[in-house]
$ cat query_13.pdb   # PDB, C-alpha atoms and all ligand atoms
MODEL        1
ATOM      1  CA  MET A1194     -22.205   3.433   6.455
ATOM      2  CA  LEU A1195     -18.640   4.441   7.092
ATOM      3  CA  ILE A1196     -15.440   4.837   5.092
ATOM      4  CA  ILE A1197     -11.985   5.298   6.562
ATOM      5  CA  ALA A1198      -8.861   5.921   4.518
ATOM      6  CA  SER A1199      -5.253   6.984   4.711
ATOM      7  CA  SER A1200      -5.036  10.779   4.316
ATOM      8  CA  ASN A1201      -3.968  10.553   0.669
ATOM      9  CA  GLY A1202      -7.372   8.933   0.015
ATOM     10  CA  ALA A1203      -9.065  12.335   0.374
ATOM     11  CA  ILE A1204      -9.360  12.736  -3.391
ATOM     12  CA  GLY A1205     -11.482   9.564  -3.583
ATOM     13  CA  MET A1206     -13.593   9.904  -0.462
ATOM     14  CA  GLU A1207     -16.514  11.860  -1.903
ATOM     15  CA  HIS A1208     -17.033   9.478  -4.810
ATOM     16  CA  ALA A1209     -16.634   6.443  -2.584
ATOM     17  CA  MET A1210     -19.282   7.740  -0.177
ATOM     18  CA  ARG A1211     -21.590   8.601  -3.054
ATOM     19  CA  ALA A1212     -21.290   5.009  -4.238
ATOM     20  CA  LEU A1213     -22.280   3.702  -0.804
ATOM     21  CA  LYS A1214     -25.199   6.103  -0.530
ATOM     22  CA  SER A1215     -26.556   5.058  -3.888
ATOM     23  CA  GLY A1216     -26.651   1.437  -2.828
ATOM     24  CA  GLY A1217     -23.177   0.354  -3.867
ATOM     25  CA  SER A1218     -21.356  -2.299  -1.901
ATOM     26  CA  ALA A1219     -18.410  -1.749   0.390
ATOM     27  CA  LEU A1220     -16.283  -3.310  -2.352
ATOM     28  CA  ASP A1221     -17.521  -0.760  -4.894
ATOM     29  CA  ALA A1222     -16.733   2.116  -2.553
ATOM     30  CA  VAL A1223     -13.230   0.837  -1.871
ATOM     31  CA  GLU A1224     -12.451   0.339  -5.556
ATOM     32  CA  ILE A1225     -13.869   3.711  -6.611
ATOM     33  CA  GLY A1226     -12.027   5.582  -3.887
ATOM     34  CA  ILE A1227      -8.704   3.941  -4.631
ATOM     35  CA  ARG A1228      -8.953   4.392  -8.415
ATOM     36  CA  LEU A1229      -9.060   8.157  -7.978
ATOM     37  CA  VAL A1230      -5.857   8.032  -5.960
ATOM     38  CA  GLU A1231      -4.231   5.733  -8.508
ATOM     39  CA  ALA A1232      -4.992   8.221 -11.291
ATOM     40  CA  ASN A1233      -3.751  11.246  -9.324
ATOM     41  CA  PRO A1234      -0.436  12.395 -10.843
ATOM     42  CA  GLU A1235       0.381  14.349  -7.685
ATOM     43  CA  GLU A1236       0.452  11.157  -5.604
ATOM     44  CA  HIS A1237       3.858   9.553  -5.975
ATOM     45  CA  SER A1238       3.280   6.469  -3.869
ATOM     46  CA  VAL A1239       0.275   4.961  -5.642
ATOM     47  CA  GLY A1240      -0.625   4.069  -9.236
ATOM     48  CA  TYR A1241       0.180   6.359 -12.157
ATOM     49  CA  ASN A1242       3.251   8.525 -11.596
ATOM     50  CA  GLY A1243       4.391   6.712  -8.488
ATOM     51  CA  TYR A1244       8.100   6.732  -7.770
ATOM     52  CA  PRO A1245       9.755   3.819  -9.591
ATOM     53  CA  ASN A1246      12.161   1.111  -8.497
ATOM     54  CA  ILE A1247      15.905   1.546  -8.591
ATOM     55  CA  LEU A1248      15.975   0.854 -12.336
ATOM     56  CA  GLY A1249      13.346   3.502 -13.028
ATOM     57  CA  GLU A1250      10.498   1.009 -13.602
ATOM     58  CA  LEU A1251       7.119   1.485 -11.951
ATOM     59  CA  GLU A1252       5.833  -1.747 -10.355
ATOM     60  CA  LEU A1253       2.387  -1.573  -8.727
ATOM     61  CA  ASP A1254       0.985  -3.725  -5.896
ATOM     62  CA  ALA A1255      -2.671  -3.869  -4.783
ATOM     63  CA  SER A1256      -5.183  -6.057  -3.004
ATOM     64  CA  ILE A1257      -8.869  -6.045  -2.185
ATOM     65  CA  MET A1258     -10.814  -8.169   0.281
ATOM     66  CA  ASP A1259     -14.516  -8.916   0.607
ATOM     67  CA  GLY A1260     -15.405  -9.322   4.278
ATOM     68  CA  ARG A1261     -18.616 -11.195   3.434
ATOM     69  CA  THR A1262     -16.833 -14.257   2.143
ATOM     70  CA  LEU A1263     -13.142 -13.593   2.896
ATOM     71  CA  ASP A1264     -12.641 -13.633  -0.848
ATOM     72  CA  SER A1265      -9.713 -11.611  -2.029
ATOM     73  CA  GLY A1266      -7.734 -10.647  -5.090
ATOM     74  CA  ALA A1267      -4.244  -9.258  -5.411
ATOM     75  CA  VAL A1268      -1.653  -8.233  -7.972
ATOM     76  CA  ALA A1269       2.003  -7.390  -7.575
ATOM     77  CA  LEU A1270       4.733  -5.950  -9.804
ATOM     78  CA  LEU A1271       2.117  -4.830 -12.307
ATOM     79  CA  ARG A1272       3.496  -2.630 -15.084
ATOM     80  CA  GLY A1273       1.588  -0.540 -17.590
ATOM     81  CA  PHE A1274      -1.833  -0.669 -15.915
ATOM     82  CA  PRO A1275      -2.694   2.284 -13.661
ATOM     83  CA  TYR A1276      -5.724   0.796 -11.911
ATOM     84  CA  ALA A1277      -4.077  -2.011  -9.986
ATOM     85  CA  ILE A1278      -6.984  -2.169  -7.530
ATOM     86  CA  SER A1279      -9.435  -2.952 -10.344
ATOM     87  CA  VAL A1280      -7.179  -5.676 -11.713
ATOM     88  CA  ALA A1281      -6.967  -7.096  -8.176
ATOM     89  CA  ARG A1282     -10.756  -7.063  -7.924
ATOM     90  CA  GLN A1283     -11.008  -8.913 -11.222
ATOM     91  CA  VAL A1284      -8.580 -11.556  -9.956
ATOM     92  CA  MET A1285     -11.102 -12.073  -7.159
ATOM     93  CA  GLU A1286     -14.241 -11.990  -9.295
ATOM     94  CA  ARG A1287     -13.330 -13.721 -12.554
ATOM     95  CA  GLU A1288     -13.564 -17.456 -12.868
ATOM     96  CA  LEU A1289     -10.047 -18.086 -11.658
ATOM     97  CA  PRO A1290      -9.025 -20.366  -8.808
ATOM     98  CA  HIS A1291      -6.241 -18.010  -7.706
ATOM     99  CA  VAL A1292      -6.099 -14.989  -5.460
ATOM    100  CA  PHE A1293      -2.715 -13.454  -6.243
ATOM    101  CA  LEU A1294      -0.971 -12.829  -9.582
ATOM    102  CA  ALA A1295       2.417 -11.172  -9.963
ATOM    103  CA  GLY A1296       4.622  -9.736 -12.697
ATOM    104  CA  GLU A1297       4.184 -10.910 -16.255
ATOM    105  CA  GLY A1298       1.309 -13.198 -15.315
ATOM    106  CA  ALA A1299      -0.557 -10.313 -13.714
ATOM    107  CA  GLU A1300       0.045  -8.212 -16.828
ATOM    108  CA  ARG A1301      -1.114 -10.992 -19.095
ATOM    109  CA  PHE A1302      -4.290 -11.337 -17.017
ATOM    110  CA  ALA A1303      -4.853  -7.570 -17.105
ATOM    111  CA  ARG A1304      -4.544  -7.581 -20.900
ATOM    112  CA  GLU A1305      -6.803 -10.602 -21.228
ATOM    113  CA  ILE A1306      -9.636  -8.974 -19.291
ATOM    114  CA  GLY A1307      -9.204  -5.688 -21.170
ATOM    115  CA  ALA A1308      -8.014  -3.646 -18.191
ATOM    116  CA  GLU A1309      -7.147  -0.062 -19.022
ATOM    117  CA  ALA A1310      -3.492   0.173 -20.072
ATOM    118  CA  TRP A1311      -1.481   3.378 -20.330
ATOM    119  CA  ASP A1312       1.623   3.658 -22.513
ATOM    120  CA  GLU A1313       3.222   6.213 -20.264
ATOM    121  CA  MET A1314       3.068   5.645 -16.515
ATOM    122  CA  LEU A1315       5.571   8.296 -15.395
ATOM    123  CA  THR A1316       5.780  12.029 -15.987
ATOM    124  CA  GLU A1317       9.066  13.634 -16.890
ATOM    125  CA  ALA A1318       9.164  15.246 -13.427
ATOM    126  CA  VAL A1319       9.138  11.839 -11.738
ATOM    127  CA  ARG A1320      11.762  10.495 -14.126
ATOM    128  CA  GLU A1321      13.857  13.483 -13.262
ATOM    129  CA  ALA A1322      13.393  12.814  -9.515
ATOM    130  CA  TRP A1323      14.612   9.245 -10.088
ATOM    131  CA  ARG A1324      17.521  10.429 -12.199
ATOM    132  CA  LYS A1325      18.525  12.960  -9.590
ATOM    133  CA  ARG A1326      18.311  10.483  -6.777
ATOM    134  CA  LEU A1327      20.102   7.630  -8.449
ATOM    135  CA  ALA A1328      21.441   8.012 -11.888
ATOM    136  CA  PRO A1329      24.329   8.339 -12.476
ATOM    137  CA  THR A1330      25.293  10.732  -9.756
ATOM    138  CA  ARG A1331      26.314  10.274  -6.151
ATOM    139  CA  LEU A1332      25.221   6.745  -5.342
ATOM    140  CA  ALA A1333      25.913   4.868  -8.526
ATOM    141  CA  GLN A1334      29.115   6.606  -9.401
ATOM    142  CA  LYS A1335      30.554   6.603  -5.926
ATOM    143  CA  ARG A1336      29.664   3.044  -5.150
ATOM    144  CA  LEU A1337      29.984   1.204  -8.391
ATOM    145  CA  ALA A1338      30.970   3.665 -11.029
ATOM    146  CA  LEU A1339      27.886   2.612 -12.971
ATOM    147  CA  ASP A1340      25.283   4.495 -14.931
ATOM    148  CA  LEU A1341      21.890   3.114 -13.948
ATOM    149  CA  ARG A1342      20.455   4.039 -17.311
ATOM    150  CA  ASP A1343      22.819   1.645 -18.976
ATOM    151  CA  LEU A1344      23.276  -1.208 -16.541
ATOM    152  CA  PRO A1345      24.393  -4.678 -17.546
ATOM    153  CA  GLU A1346      21.778  -7.300 -16.690
ATOM    154  CA  ASP A1347      23.765  -8.717 -13.813
ATOM    155  CA  ALA A1348      24.960  -5.454 -12.288
ATOM    156  CA  PRO A1349      24.993  -5.550  -8.485
ATOM    157  CA  LEU A1350      22.266  -3.390  -6.977
ATOM    158  CA  LEU A1351      22.487  -4.331  -3.318
ATOM    159  CA  GLY A1352      24.686  -1.498  -2.150
ATOM    160  CA  LEU A1353      22.613   0.999  -4.062
ATOM    161  CA  VAL A1354      19.283  -0.152  -2.692
ATOM    162  CA  THR A1355      20.286   0.047   0.949
ATOM    163  CA  MET A1356      21.589   3.556   0.387
ATOM    164  CA  ALA A1357      18.660   4.787  -1.642
ATOM    165  CA  THR A1358      15.756   3.133   0.121
ATOM    166  CA  ASP A1359      15.873   4.096   3.739
ATOM    167  CA  SER A1360      12.962   4.436   6.093
ATOM    168  CA  GLU A1361      12.913   8.220   5.797
ATOM    169  CA  ARG A1362      12.625   8.175   2.029
ATOM    170  CA  VAL A1363       9.526   8.493  -0.018
ATOM    171  CA  VAL A1364       7.061   5.802   0.894
ATOM    172  CA  GLY A1365       3.300   5.746   0.918
ATOM    173  CA  THR A1366       0.248   3.720   0.014
ATOM    174  CA  VAL A1367      -3.483   4.229  -0.016
ATOM    175  CA  ASN A1368      -5.853   2.333   2.289
ATOM    176  CA  PHE A1369      -9.655   2.345   2.036
ATOM    177  CA  ILE A1370     -11.993   0.414   4.335
ATOM    178  CA  ALA A1371     -15.792   0.667   4.014
ATOM    179  CA  ILE A1372     -18.919  -0.599   5.746
ATOM    180  CA  ASP A1373     -21.964  -0.561   3.471
ATOM    181  CA  ALA A1374     -25.699  -0.279   4.172
ATOM    182  CA  ASN A1375     -25.868  -4.032   4.807
ATOM    183  CA  GLY A1376     -23.122  -3.867   7.395
ATOM    184  CA  GLU A1377     -20.680  -5.659   5.113
ATOM    185  CA  ILE A1378     -17.039  -4.683   5.212
ATOM    186  CA  ALA A1379     -14.432  -4.472   2.436
ATOM    187  CA  SER A1380     -10.865  -3.215   2.396
ATOM    188  CA  GLY A1381      -8.403  -2.269  -0.334
ATOM    189  CA  VAL A1382      -4.786  -1.214  -0.532
ATOM    190  CA  SER A1383      -2.792   0.080  -3.503
ATOM    191  CA  THR A1384       0.798   1.251  -3.786
ATOM    192  CA  SER A1385       3.790   1.736  -6.016
ATOM    193  CA  GLY A1386       5.783   0.434  -3.051
ATOM    194  CA  TRP A1387       8.956   1.947  -1.819
ATOM    195  CA  ALA A1388      10.611   4.482  -4.024
ATOM    196  CA  TRP A1389      13.889   3.097  -5.421
ATOM    197  CA  LYS A1390      13.176  -0.451  -4.224
ATOM    198  CA  TYR A1391      15.028  -3.498  -5.513
ATOM    199  CA  PRO A1392      13.301  -4.735  -8.714
ATOM    200  CA  GLY A1393      10.791  -7.433  -7.874
ATOM    201  CA  ARG A1394      10.386  -6.365  -4.270
ATOM    202  CA  ILE A1395       6.807  -6.912  -3.102
ATOM    203  CA  GLY A1396       5.498  -5.106  -0.033
ATOM    204  CA  ASP A1397       2.664  -5.820   2.368
ATOM    205  CA  SER A1398      -0.030  -4.082   0.332
ATOM    206  CA  PRO A1399      -0.941  -7.008  -1.944
ATOM    207  CA  ILE A1400      -0.441  -9.614   0.754
ATOM    208  CA  ILE A1401      -3.692 -10.590   2.393
ATOM    209  CA  GLY A1402      -3.130 -10.802   6.128
ATOM    210  CA  ALA A1403      -0.092  -8.511   6.051
ATOM    211  CA  GLY A1404      -1.206  -5.137   4.676
ATOM    212  CA  ASN A1405      -4.895  -5.855   4.239
ATOM    213  CA  TYR A1406      -7.596  -7.937   5.912
ATOM    214  CA  ALA A1407     -11.389  -7.734   6.219
ATOM    215  CA  ASP A1408     -13.944  -9.949   7.903
ATOM    216  CA  SER A1409     -17.476  -8.536   8.171
ATOM    217  CA  ARG A1410     -18.072 -10.466  11.385
ATOM    218  CA  TYR A1411     -15.334  -8.574  13.226
ATOM    219  CA  GLY A1412     -13.702  -5.721  11.347
ATOM    220  CA  ALA A1413     -10.864  -4.817   9.022
ATOM    221  CA  CYS A1414      -7.371  -3.409   9.025
ATOM    222  CA  ALA A1415      -5.055  -1.930   6.386
ATOM    223  CA  CYS A1416      -1.447  -0.809   6.681
ATOM    224  CA  THR A1417       1.013   1.696   5.282
ATOM    225  CA  GLY A1418       4.677   2.070   6.098
ATOM    226  CA  MET A1419       7.524  -0.386   5.901
ATOM    227  CA  GLY A1420       5.685  -3.346   4.444
ATOM    228  CA  GLU A1421       8.415  -5.784   5.387
ATOM    229  CA  LEU A1422       7.318  -5.371   9.012
ATOM    230  CA  ALA A1423       3.644  -6.039   8.363
ATOM    231  CA  ILE A1424       4.583  -9.105   6.296
ATOM    232  CA  ARG A1425       6.730 -10.515   9.104
ATOM    233  CA  ALA A1426       4.141  -9.877  11.821
ATOM    234  CA  GLY A1427       0.999 -10.579   9.774
ATOM    235  CA  THR A1428      -0.283  -7.262  11.050
ATOM    236  CA  ALA A1429      -3.677  -6.788   9.367
ATOM    237  CA  ARG A1430      -4.863 -10.312  10.077
ATOM    238  CA  SER A1431      -3.479 -10.184  13.618
ATOM    239  CA  LEU A1432      -5.609  -7.166  14.414
ATOM    240  CA  VAL A1433      -8.749  -8.868  13.111
ATOM    241  CA  VAL A1434      -7.934 -12.035  15.049
ATOM    242  CA  TYR A1435      -7.513  -9.954  18.196
ATOM    243  CA  LEU A1436     -11.016  -8.574  17.563
ATOM    244  CA  LYS A1437     -12.280 -12.114  17.077
ATOM    245  CA  MET A1438     -10.773 -13.059  20.427
ATOM    246  CA  GLY A1439     -12.862 -10.367  22.080
ATOM    247  CA  MET A1440     -10.510  -7.408  22.364
ATOM    248  CA  SER A1441     -11.829  -3.888  21.866
ATOM    249  CA  LEU A1442     -10.745  -2.179  18.650
ATOM    250  CA  GLY A1443      -8.292   0.068  20.500
ATOM    251  CA  ALA A1444      -6.700  -2.871  22.322
ATOM    252  CA  ALA A1445      -6.511  -4.976  19.162
ATOM    253  CA  ALA A1446      -4.837  -2.180  17.205
ATOM    254  CA  TRP A1447      -2.405  -1.458  20.035
ATOM    255  CA  GLN A1448      -1.476  -5.143  20.264
ATOM    256  CA  ALA A1449      -0.969  -5.422  16.507
ATOM    257  CA  MET A1450       1.424  -2.464  16.688
ATOM    258  CA  MET A1451       3.174  -3.821  19.787
ATOM    259  CA  ASP A1452       3.806  -7.117  17.943
ATOM    260  CA  LEU A1453       6.137  -5.186  15.649
ATOM    261  CA  ARG A1454       8.450  -4.492  18.555
ATOM    262  CA  ASP A1455       9.373  -8.189  18.645
ATOM    263  CA  LEU A1456      10.960  -8.020  15.204
ATOM    264  CA  GLY A1457      14.717  -8.332  15.170
ATOM    265  CA  GLY A1458      17.156  -7.518  12.403
ATOM    266  CA  ASP A1459      18.848  -4.428  11.090
ATOM    267  CA  PHE A1460      16.035  -2.859   9.105
ATOM    268  CA  ILE A1461      13.143  -1.563  11.164
ATOM    269  CA  GLY A1462      11.282   1.480   9.849
ATOM    270  CA  GLY A1463       7.923   3.092  10.482
ATOM    271  CA  MET A1464       4.484   1.468  10.443
ATOM    272  CA  ASN A1465       0.911   2.762  10.329
ATOM    273  CA  LEU A1466      -2.490   1.154  10.333
ATOM    274  CA  ILE A1467      -6.129   2.082  10.135
ATOM    275  CA  ALA A1468      -8.879  -0.243  11.334
ATOM    276  CA  LEU A1469     -12.568  -0.415  12.076
ATOM    277  CA  ASP A1470     -14.877  -2.888  13.758
ATOM    278  CA  ARG A1471     -18.324  -4.101  12.787
ATOM    279  CA  ASN A1472     -19.935  -1.538  15.110
ATOM    280  CA  GLY A1473     -18.411   1.334  13.170
ATOM    281  CA  GLU A1474     -15.709   2.245  15.664
ATOM    282  CA  HIS A1475     -12.494   3.262  13.926
ATOM    283  CA  VAL A1476      -8.903   3.926  14.855
ATOM    284  CA  GLY A1477      -5.579   4.915  13.296
ATOM    285  CA  MET A1478      -2.175   4.156  14.744
ATOM    286  CA  SER A1479       1.347   5.079  13.748
ATOM    287  CA  SER A1480       4.815   4.446  15.067
ATOM    288  CA  ARG A1481       5.627   8.100  14.356
ATOM    289  CA  ALA A1482       3.985  11.261  15.663
ATOM    290  CA  GLY A1483       1.995  13.599  13.450
ATOM    291  CA  ALA A1484       0.266  11.162  11.111
ATOM    292  CA  GLY A1485      -3.468  11.313  10.426
ATOM    293  CA  TYR A1486      -6.221   9.438   8.617
ATOM    294  CA  ILE A1487      -9.653  10.382   7.340
ATOM    295  CA  TYR A1488     -13.192   9.094   7.846
ATOM    296  CA  GLN A1489     -16.693   9.871   6.675
ATOM    297  CA  THR A1490     -20.100   8.553   7.675
ATOM    298  CA  ALA A1491     -23.220   8.776   5.520
ATOM    299  CA  ASP A1492     -24.550  11.794   7.436
ATOM    300  CA  MET A1493     -21.364  13.856   7.043
ATOM    301  CA  ASP A1494     -21.030  16.316   4.154
ATOM    302  CA  SER A1495     -17.340  15.672   3.778
ATOM    303  CA  TYR A1496     -14.568  13.685   5.369
ATOM    304  CA  GLN A1497     -12.872  14.603   8.596
ATOM    305  CA  GLU A1498      -9.239  14.103   9.543
ATOM    306  CA  CYS A1499      -8.237  12.415  12.831
ATOM    307  CA  GLU A1500      -4.883  12.008  14.455
ATOM    308  CA  ARG A1501      -3.362   8.537  14.707
ATOM    309  CA  GLU A1502      -2.392   7.308  18.126
ATOM    310  CA  VAL A1503       1.346   6.808  18.435
ATOM    311  CA  VAL A1504       2.826   3.424  19.369
ATOM    312  CA  ARG A1505       6.560   3.745  19.041
ATOM    313  CA  ILE A1506       8.709   1.051  17.440
ATOM    314  CA  PRO A1507      12.462   1.445  18.003
ATOM    315  CA  GLU A1508      13.743   2.133  14.487
ATOM    316  CA  ARG A1509      17.130   1.145  13.131
ATOM    317  CA  TRP A1510      18.592   1.139   9.670
ATOM    318  CA  GLY A1511      21.374  -0.968   8.186
ATOM    319  CA  SER A1512      24.614  -2.186   9.635
ATOM    320  CA  GLN A1513      25.041   1.025  11.625
ATOM    321  CA  ALA A1514      22.185  -0.354  13.763
ATOM    322  CA  ARG A1515      24.726  -2.775  15.238
ATOM    323  CA  GLU A1516      27.475  -0.236  15.844
TER
HETATM  324  N1  LIG A1601       3.536  -0.402   2.707
HETATM  325  C1  LIG A1601       4.078  -0.011   1.445
HETATM  326  C2  LIG A1601       5.084  -1.027   1.023
HETATM  327  O1  LIG A1601       5.832  -1.510   1.855
HETATM  328  C3  LIG A1601       4.722   1.317   1.404
HETATM  329  C4  LIG A1601       4.121   2.376   2.260
HETATM  330  O2  LIG A1601       3.029   2.250   2.726
HETATM  331  O3  LIG A1601       4.772   3.393   2.503
HETATM  332  O4  LIG A1601       5.179  -1.293  -0.150
ENDMDL
END
$ encode --input "query_13.pdb" --output "structure tokens"
Amino acid sequence: MLIIASSNGAIGMEHAMRALKSGGSALDAVEIGIRLVEANPEEHSVGYNGYPNILGELELDASIMDGRTLDSGAVALLRGFPYAISVARQVMERELPHVFLAGEGAERFAREIGAEAWDEMLTEAVREAWRKRLAPTRLAQKRLALDLRDLPEDAPLLGLVTMATDSERVVGTVNFIAIDANGEIASGVSTSGWAWKYPGRIGDSPIIGAGNYADSRYGACACTGMGELAIRAGTARSLVVYLKMGMSLGAAAWQAMMDLRDLGGDFIGGMNLIALDRNGEHVGMSSRAGAGYIYQTADMDSYQECEREVVRIPERWGSQARE
């Protein structure tokens, strides 16, 4: 039994491991671990009290994958429901021939199944952080002379988003991957996405194959960082395919990171992944130095932190990248 997670998963690790030890499935462990992060008001990149989009609305993305069957469930742009990972799991488990629901449809589904809804998803401190960053000060006033709290429906946001949402700004996501007593693997990812993102922007976290992939026969991978990159390179699935082709875990993870170097364009930020294989080997990689991840096996009393190996991706941001 093994669980690996992004470092912000620490708050959920103990409960997730307890679930595994008491006979729970890898899926149970992943969901339990992630829910605790989603409910944590101190975590501003996942679930309740995450940093909102440029209009001050919190839109959550999450996905979960069952490596036994390659079944998966995902939600995107979910508003008003803190436990996006549980709604994603229900998308997978209810009698529904779909794997991915977004926006109003996802919210309708969440209501229909009686998912826990919270009236207030942001604290005043987070609203204030949004206000300070965007409304109506420097960016809005300088660029467009607009107050974001009182925008006309068709107000242009493009200039604001590229200024507010750069690769150094607040981003984050939680990843959990577990192997249970039967050797089955599951993975889950949940996020509030990029702080100050364009409304309706969906990252890699709810996209199976991009930010999340699990196959009990080989292994699993989950990503954090600039989701646009993992979407374009199909990072999580690529790593698992590399395992399937016979690469070691280290080589597969390195190759999945190296693939990101092929991406052109003006917006290239940072990328991180964690992965494990069916033998219980695990690895973390990042395009930036200093990042870690955590793991715990059944015989450990608590989780341990490991450093991620660094695979650099040349970063560039906006039109200045061409200058
Ligand atoms: N991958 C997430 C996204 O692009 C954000 C992050 O992990 O920092 O939505």
$ residues_around --input "query_13.pdb" --residues "Leu1453 (chain A)" --least-positions-apart "6" --cutoff "8 Å" --atoms "all atoms listed in the file" --output "list in words"
Leu1422, Ala1423, Ala1426 and Ile1506 of chain A
$ write_last_selection --input "query_13.pdb" --atoms "C-alpha atoms" --output "CSV table (one decimal), keeping the file's coordinate frame"
chain,number,residue,atom,x,y,z
A,1422,LEU,CA,7.3,-5.4,9.0
A,1423,ALA,CA,3.6,-6.0,8.4
A,1426,ALA,CA,4.1,-9.9,11.8
A,1506,ILE,CA,8.7,1.1,17.4
$ residues_around --input "query_13.pdb" --residues "region 1265-1269 of chain A" --least-positions-apart "2" --cutoff "6 Å" --atoms "only C-alpha atoms" --output "list of chain:residue names"
A:Leu1253, A:Asp1254, A:Ala1255, A:Ser1256, A:Ile1257, A:Met1258, A:Leu1271, A:Ala1281, A:Arg1282, A:Val1284, A:Met1285, A:Val1292, A:Phe1293, A:Leu1294, A:Ala1295, A:Pro1399
$ resolve_selection --input "query_13.pdb" --expression "the PyMOL selection byres (((not hetatm)) within 6 of (chain A and resi 1601))" --output "list in words"
Val1364, Gly1365, Thr1366, Gly1386, Trp1387, Gly1396, Asp1397, Ser1398, Thr1417, Gly1418, Met1419 and Gly1420 of chain A
$ residues_around --input "query_13.pdb" --residues "region 1201-1218 of chain A" --least-positions-apart "2" --cutoff "10 Å" --atoms "all atoms listed in the file" --output "PyMOL selection string"
chain A and resi 1194-1199+1220-1231+1233+1236+1238-1239+1259+1365-1369+1371-1379+1485-1498
$ atom_distance --input "query_13.pdb" --atom1 "CA of Glu1250 (chain A)" --atom2 "CA of Arg1324 (chain A)"
11.8 Å
$ atom_distance --input "query_13.pdb" --atom1 "CA of Arg1481 (chain A)" --atom2 "CA of Trp1510 (chain A)"
15.4 Å
$ atom_distance --input "query_13.pdb" --atom1 "CA of Ala1413 (chain A)" --atom2 "CA of Thr1262 (chain A)"
13.1 Å
$ resolve_selection --input "query_13.pdb" --expression "the PyMOL selection byres (((chain A and resi 1425) around 12) and not hetatm)" --output "compact mmCIF listing (two decimals) with C-alpha atoms, in the frame of the given file"
# COMPACT_ATOMS: atom_id res chain seq x y z
CA GLY A 1396 5.50 -5.11 -0.03
CA ASP A 1397 2.66 -5.82 2.37
CA ILE A 1400 -0.44 -9.61 0.75
CA GLY A 1402 -3.13 -10.80 6.13
CA ALA A 1403 -0.09 -8.51 6.05
CA GLY A 1404 -1.21 -5.14 4.68
CA MET A 1419 7.52 -0.39 5.90
CA GLY A 1420 5.68 -3.35 4.44
CA GLU A 1421 8.41 -5.78 5.39
CA LEU A 1422 7.32 -5.37 9.01
CA ALA A 1423 3.64 -6.04 8.36
CA ILE A 1424 4.58 -9.10 6.30
CA ALA A 1426 4.14 -9.88 11.82
CA GLY A 1427 1.00 -10.58 9.77
CA THR A 1428 -0.28 -7.26 11.05
CA ALA A 1429 -3.68 -6.79 9.37
CA ARG A 1430 -4.86 -10.31 10.08
CA SER A 1431 -3.48 -10.18 13.62
CA ALA A 1449 -0.97 -5.42 16.51
CA ASP A 1452 3.81 -7.12 17.94
CA LEU A 1453 6.14 -5.19 15.65
CA ARG A 1454 8.45 -4.49 18.56
CA ASP A 1455 9.37 -8.19 18.64
CA LEU A 1456 10.96 -8.02 15.20
CA GLY A 1457 14.72 -8.33 15.17
CA GLY A 1458 17.16 -7.52 12.40
CA ILE A 1461 13.14 -1.56 11.16
$ residues_around --input "query_13.pdb" --residues "Met1450 (chain A)" --least-positions-apart "6" --cutoff "9 Å" --atoms "all atoms listed in the file" --output "PyMOL selection string"
chain A and resi 1428+1432+1464-1466+1478-1480+1504-1506
$ write_last_selection --input "query_13.pdb" --atoms "C-alpha atoms" --output "mmCIF file, in the frame of the given file"
data_model
loop_
_atom_site.group_PDB
_atom_site.id
_atom_site.type_symbol
_atom_site.label_atom_id
_atom_site.label_comp_id
_atom_site.auth_asym_id
_atom_site.auth_seq_id
_atom_site.Cartn_x
_atom_site.Cartn_y
_atom_site.Cartn_z
ATOM 1 C CA THR A 1428 -0.283 -7.262 11.050
ATOM 2 C CA LEU A 1432 -5.609 -7.166 14.414
ATOM 3 C CA MET A 1464 4.484 1.468 10.443
ATOM 4 C CA ASN A 1465 0.911 2.762 10.329
ATOM 5 C CA LEU A 1466 -2.490 1.154 10.333
ATOM 6 C CA MET A 1478 -2.175 4.156 14.744
ATOM 7 C CA SER A 1479 1.347 5.079 13.748
ATOM 8 C CA SER A 1480 4.815 4.446 15.067
ATOM 9 C CA VAL A 1504 2.826 3.424 19.369
ATOM 10 C CA ARG A 1505 6.560 3.745 19.041
ATOM 11 C CA ILE A 1506 8.709 1.051 17.440
#
$ residues_near_point --input "query_13.pdb" --point "(11.3, -4.1, -12.4)" --cutoff "9 Å" --atoms "only C-alpha atoms" --output "list of chain:residue names"
A:Pro1245, A:Asn1246, A:Ile1247, A:Leu1248, A:Gly1249, A:Glu1250, A:Leu1251, A:Glu1252, A:Leu1270, A:Arg1272, A:Gly1296, A:Tyr1391, A:Pro1392, A:Gly1393, A:Arg1394
$ residues_near_point --input "query_13.pdb" --point "(20.1, -1.5, -4.3)" --cutoff "9 Å" --atoms "only C-alpha atoms" --output "PyMOL selection string"
chain A and resi 1247+1349-1358+1389-1392
$ resolve_selection --input "query_13.pdb" --expression "the PyMOL selection byres (((chain A and resi 1302-1304) around 10) and not hetatm)" --output "JSON, numbers by chain"
{"A": [1268, 1271, 1272, 1273, 1274, 1276, 1277, 1279, 1280, 1281, 1283, 1284, 1294, 1295, 1297, 1298, 1299, 1300, 1301, 1305, 1306, 1307, 1308, 1309, 1310]}
$ closest_residue --input "query_13.pdb" --among "A:Lys1437, A:His1291, A:Arg1509, A:Arg1326" --to "Ala1388 (chain A)" --atoms "only C-alpha atoms"
A:Arg1326
$ residues_around --input "query_13.pdb" --residues "region 1319-1321 of chain A" --least-positions-apart "4" --cutoff "8 Å" --atoms "all atoms listed in the file" --output "list in words"
Asn1242, Gly1243, Tyr1244, Gly1249, Leu1315 and Lys1325 of chain A
